[in-house]
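Visitor: Structure supplied as protein_9.pdb; contents: PDB, N, CA and C atoms, pLDDT in the B column.
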```pdb
ATOM      1  N   MET A   1      25.979   3.093 -20.071  1.00 65.00           N
ATOM      2  CA  MET A   1      24.529   3.027 -19.842  1.00 65.00           C
ATOM      3  C   MET A   1      23.840   4.118 -20.667  1.00 65.00           C
ATOM      4  N   ASN A   2      22.940   3.723 -21.551  1.00 90.00           N
ATOM      5  CA  ASN A   2      22.242   4.733 -22.350  1.00 90.00           C
ATOM      6  C   ASN A   2      20.926   5.160 -21.694  1.00 90.00           C
ATOM      7  N   ASN A   3      20.314   6.175 -22.274  1.00 93.00           N
ATOM      8  CA  ASN A   3      19.145   6.801 -21.657  1.00 93.00           C
ATOM      9  C   ASN A   3      17.941   5.869 -21.556  1.00 93.00           C
ATOM     10  N   GLU A   4      17.771   4.990 -22.560  1.00 94.00           N
ATOM     11  CA  GLU A   4      16.602   4.104 -22.559  1.00 94.00           C
ATOM     12  C   GLU A   4      16.631   3.135 -21.383  1.00 94.00           C
ATOM     13  N   ILE A   5      17.817   2.562 -21.123  1.00 94.00           N
ATOM     14  CA  ILE A   5      17.960   1.631 -19.998  1.00 94.00           C
ATOM     15  C   ILE A   5      17.740   2.370 -18.680  1.00 94.00           C
ATOM     16  N   LEU A   6      18.276   3.583 -18.597  1.00 95.00           N
ATOM     17  CA  LEU A   6      18.127   4.398 -17.389  1.00 95.00           C
ATOM     18  C   LEU A   6      16.656   4.729 -17.145  1.00 95.00           C
ATOM     19  N   LEU A   7      15.948   5.075 -18.221  1.00 95.00           N
ATOM     20  CA  LEU A   7      14.525   5.414 -18.130  1.00 95.00           C
ATOM     21  C   LEU A   7      13.711   4.197 -17.693  1.00 95.00           C
ATOM     22  N   LEU A   8      14.025   3.045 -18.282  1.00 95.00           N
ATOM     23  CA  LEU A   8      13.345   1.795 -17.947  1.00 95.00           C
ATOM     24  C   LEU A   8      13.569   1.442 -16.480  1.00 95.00           C
ATOM     25  N   PHE A   9      14.824   1.599 -16.038  1.00 96.00           N
ATOM     26  CA  PHE A   9      15.190   1.320 -14.649  1.00 96.00           C
ATOM     27  C   PHE A   9      14.446   2.254 -13.696  1.00 96.00           C
ATOM     28  N   GLY A  10      14.377   3.539 -14.089  1.00 96.00           N
ATOM     29  CA  GLY A  10      13.681   4.540 -13.278  1.00 96.00           C
ATOM     30  C   GLY A  10      12.198   4.225 -13.152  1.00 96.00           C
ATOM     31  N   CYS A  11      11.581   3.829 -14.269  1.00 97.00           N
ATOM     32  CA  CYS A  11      10.154   3.482 -14.275  1.00 97.00           C
ATOM     33  C   CYS A  11       9.895   2.248 -13.411  1.00 97.00           C
ATOM     34  N   GLY A  12      10.773   1.266 -13.524  1.00 96.00           N
ATOM     35  CA  GLY A  12      10.648   0.046 -12.729  1.00 96.00           C
ATOM     36  C   GLY A  12      10.755   0.329 -11.244  1.00 96.00           C
ATOM     37  N   LEU A  13      11.703   1.190 -10.891  1.00 97.00           N
ATOM     38  CA  LEU A  13      11.918   1.558  -9.492  1.00 97.00           C
ATOM     39  C   LEU A  13      10.702   2.300  -8.945  1.00 97.00           C
ATOM     40  N   LEU A  14      10.160   3.207  -9.774  1.00 97.00           N
ATOM     41  CA  LEU A  14       8.988   3.988  -9.384  1.00 97.00           C
ATOM     42  C   LEU A  14       7.781   3.071  -9.164  1.00 97.00           C
ATOM     43  N   LEU A  15       7.602   2.107 -10.079  1.00 97.00           N
ATOM     44  CA  LEU A  15       6.503   1.148  -9.965  1.00 97.00           C
ATOM     45  C   LEU A  15       6.637   0.299  -8.712  1.00 97.00           C
ATOM     46  N   MET A  16       7.880  -0.116  -8.414  1.00 98.00           N
ATOM     47  CA  MET A  16       8.141  -0.931  -7.233  1.00 98.00           C
ATOM     48  C   MET A  16       7.809  -0.153  -5.959  1.00 98.00           C
ATOM     49  N   MET A  17       8.238   1.114  -5.921  1.00 97.00           N
ATOM     50  CA  MET A  17       7.962   1.961  -4.763  1.00 97.00           C
ATOM     51  C   MET A  17       6.465   2.176  -4.588  1.00 97.00           C
ATOM     52  N   LEU A  18       5.771   2.386  -5.717  1.00 97.00           N
ATOM     53  CA  LEU A  18       4.326   2.588  -5.699  1.00 97.00           C
ATOM     54  C   LEU A  18       3.619   1.321  -5.198  1.00 97.00           C
ATOM     55  N   GLY A  19       4.108   0.157  -5.653  1.00 97.00           N
ATOM     56  CA  GLY A  19       3.549  -1.122  -5.230  1.00 97.00           C
ATOM     57  C   GLY A  19       3.693  -1.343  -3.736  1.00 97.00           C
ATOM     58  N   VAL A  20       4.877  -1.040  -3.214  1.00 97.00           N
ATOM     59  CA  VAL A  20       5.134  -1.188  -1.775  1.00 97.00           C
ATOM     60  C   VAL A  20       4.245  -0.235  -0.986  1.00 97.00           C
ATOM     61  N   TYR A  21       4.124   1.005  -1.481  1.00 97.00           N
ATOM     62  CA  TYR A  21       3.293   2.016  -0.829  1.00 97.00           C
ATOM     63  C   TYR A  21       1.829   1.585  -0.783  1.00 97.00           C
ATOM     64  N   MET A  22       1.332   1.054  -1.908  1.00 97.00           N
ATOM     65  CA  MET A  22      -0.046   0.589  -1.982  1.00 97.00           C
ATOM     66  C   MET A  22      -0.286  -0.588  -1.043  1.00 97.00           C
ATOM     67  N   LEU A  23       0.712  -1.477  -0.944  1.00 97.00           N
ATOM     68  CA  LEU A  23       0.615  -2.642  -0.071  1.00 97.00           C
ATOM     69  C   LEU A  23       0.508  -2.205   1.385  1.00 97.00           C
ATOM     70  N   VAL A  24       1.349  -1.248   1.778  1.00 97.00           N
ATOM     71  CA  VAL A  24       1.328  -0.730   3.153  1.00 97.00           C
ATOM     72  C   VAL A  24      -0.006  -0.046   3.433  1.00 97.00           C
ATOM     73  N   LEU A  25      -0.469   0.750   2.455  1.00 97.00           N
ATOM     74  CA  LEU A  25      -1.738   1.459   2.586  1.00 97.00           C
ATOM     75  C   LEU A  25      -2.893   0.466   2.728  1.00 97.00           C
ATOM     76  N   TYR A  26      -2.855  -0.610   1.913  1.00 96.00           N
ATOM     77  CA  TYR A  26      -3.879  -1.650   1.920  1.00 96.00           C
ATOM     78  C   TYR A  26      -3.931  -2.349   3.275  1.00 96.00           C
ATOM     79  N   ARG A  27      -2.740  -2.668   3.824  1.00 97.00           N
ATOM     80  CA  ARG A  27      -2.669  -3.332   5.127  1.00 97.00           C
ATOM     81  C   ARG A  27      -3.221  -2.435   6.222  1.00 97.00           C
ATOM     82  N   ASN A  28      -2.892  -1.139   6.153  1.00 97.00           N
ATOM     83  CA  ASN A  28      -3.395  -0.191   7.144  1.00 97.00           C
ATOM     84  C   ASN A  28      -4.910  -0.057   7.045  1.00 97.00           C
ATOM     85  N   LEU A  29      -5.423  -0.086   5.804  1.00 96.00           N
ATOM     86  CA  LEU A  29      -6.858   0.023   5.571  1.00 96.00           C
ATOM     87  C   LEU A  29      -7.587  -1.176   6.174  1.00 96.00           C
ATOM     88  N   ILE A  30      -7.036  -2.384   5.959  1.00 97.00           N
ATOM     89  CA  ILE A  30      -7.621  -3.607   6.517  1.00 97.00           C
ATOM     90  C   ILE A  30      -7.621  -3.549   8.043  1.00 97.00           C
ATOM     91  N   ARG A  31      -6.503  -3.073   8.613  1.00 96.00           N
ATOM     92  CA  ARG A  31      -6.390  -2.960  10.068  1.00 96.00           C
ATOM     93  C   ARG A  31      -7.428  -1.983  10.604  1.00 96.00           C
ATOM     94  N   LEU A  32      -7.633  -0.884   9.861  1.00 96.00           N
ATOM     95  CA  LEU A  32      -8.602   0.136  10.241  1.00 96.00           C
ATOM     96  C   LEU A  32     -10.019  -0.436  10.212  1.00 96.00           C
ATOM     97  N   ILE A  33     -10.336  -1.196   9.149  1.00 96.00           N
ATOM     98  CA  ILE A  33     -11.661  -1.806   9.003  1.00 96.00           C
ATOM     99  C   ILE A  33     -11.923  -2.803  10.136  1.00 96.00           C
ATOM    100  N   ILE A  34     -10.909  -3.630  10.447  1.00 95.00           N
ATOM    101  CA  ILE A  34     -11.033  -4.604  11.536  1.00 95.00           C
ATOM    102  C   ILE A  34     -11.242  -3.878  12.864  1.00 95.00           C
ATOM    103  N   GLY A  35     -10.488  -2.792  13.067  1.00 94.00           N
ATOM    104  CA  GLY A  35     -10.613  -1.992  14.287  1.00 94.00           C
ATOM    105  C   GLY A  35     -12.011  -1.416  14.431  1.00 94.00           C
ATOM    106  N   VAL A  36     -12.559  -0.906  13.334  1.00 94.00           N
ATOM    107  CA  VAL A  36     -13.906  -0.323  13.343  1.00 94.00           C
ATOM    108  C   VAL A  36     -14.944  -1.395  13.652  1.00 94.00           C
ATOM    109  N   GLU A  37     -14.764  -2.590  13.070  1.00 93.00           N
ATOM    110  CA  GLU A  37     -15.699  -3.692  13.324  1.00 93.00           C
ATOM    111  C   GLU A  37     -15.670  -4.112  14.786  1.00 93.00           C
ATOM    112  N   VAL A  38     -14.469  -4.183  15.357  1.00 92.00           N
ATOM    113  CA  VAL A  38     -14.318  -4.558  16.771  1.00 92.00           C
ATOM    114  C   VAL A  38     -14.988  -3.525  17.670  1.00 92.00           C
ATOM    115  N   VAL A  39     -14.789  -2.248  17.358  1.00 91.00           N
ATOM    116  CA  VAL A  39     -15.412  -1.168  18.137  1.00 91.00           C
ATOM    117  C   VAL A  39     -16.932  -1.239  18.011  1.00 91.00           C
ATOM    118  N   ALA A  40     -17.424  -1.501  16.796  1.00 90.00           N
ATOM    119  CA  ALA A  40     -18.865  -1.593  16.555  1.00 90.00           C
ATOM    120  C   ALA A  40     -19.470  -2.752  17.348  1.00 90.00           C
ATOM    121  N   LYS A  41     -18.760  -3.888  17.373  1.00 89.00           N
ATOM    122  CA  LYS A  41     -19.229  -5.044  18.145  1.00 89.00           C
ATOM    123  C   LYS A  41     -19.250  -4.721  19.628  1.00 89.00           C
ATOM    124  N   GLY A  42     -18.224  -4.018  20.092  1.00 89.00           N
ATOM    125  CA  GLY A  42     -18.140  -3.629  21.500  1.00 89.00           C
ATOM    126  C   GLY A  42     -19.290  -2.714  21.888  1.00 89.00           C
ATOM    127  N   VAL A  43     -19.681  -1.829  20.975  1.00 87.00           N
ATOM    128  CA  VAL A  43     -20.776  -0.893  21.236  1.00 87.00           C
ATOM    129  C   VAL A  43     -22.108  -1.635  21.268  1.00 87.00           C
ATOM    130  N   THR A  44     -22.305  -2.584  20.336  1.00 81.00           N
ATOM    131  CA  THR A  44     -23.574  -3.320  20.277  1.00 81.00           C
ATOM    132  C   THR A  44     -23.716  -4.270  21.465  1.00 81.00           C
ATOM    133  N   LEU A  45     -22.603  -4.857  21.907  1.00 73.00           N
ATOM    134  CA  LEU A  45     -22.636  -5.722  23.085  1.00 73.00           C
ATOM    135  C   LEU A  45     -22.620  -4.838  24.323  1.00 73.00           C
TER
END
```
Just dump the structure as structure tokens.
Guide:
Amino acid sequence: MNNEILLLFGCGLLLMMLGVYMLVLYRNLIRLIIGVEVVAKGVTL
């Protein structure tokens, strides 16, 4: 295994981890927004 393949593999792995992290963050953000909307509706009603 030469350095270029190792570097490419490392970059791919890093991108994959970043993608998963962003996806989890995005889902949490959506859940937070929905939660805030529900609370706001509860307050107005």
Visitor: I'd like the interatomic distance between CA of Arg31 (chain A) and CA of Val43 (chain A), to a tenth of an Å.
Guide: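 Distance reported for this atom pair: 18.3 Å.
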Visitor: Please measure the separation of CA of Leu13 (chain A) and atom C of Leu25 (chain A), giving the value in Å to one decimal.
Guide: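 Between CA of Leu13 (chain A) and atom C of Leu25 (chain A) the gap is 19.2 Å.
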Visitor: In Å, rounded to a single decimal, give me how far atom N of Leu18 (chain A) is from CA of Ile30 (chain A).
Guide: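 Going from CA of Ile30 (chain A) over to atom N of Leu18 (chain A), I get 19.1 Å.
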Visitor: Using the file's own x, y and z axes, so that the box edges lie along x, y and z, what centre and edge lengths in Å (one decimal) does a box around every listed atom of region 34-41 of chain A get when 6 Å is added on each side? Give it as AutoDock Vina command-line options.
Guide:
```
--center_x -15.0 --center_y -2.7 --center_z 15.0 --size_x 21.0 --size_y 16.7 --size_z 21.2
```
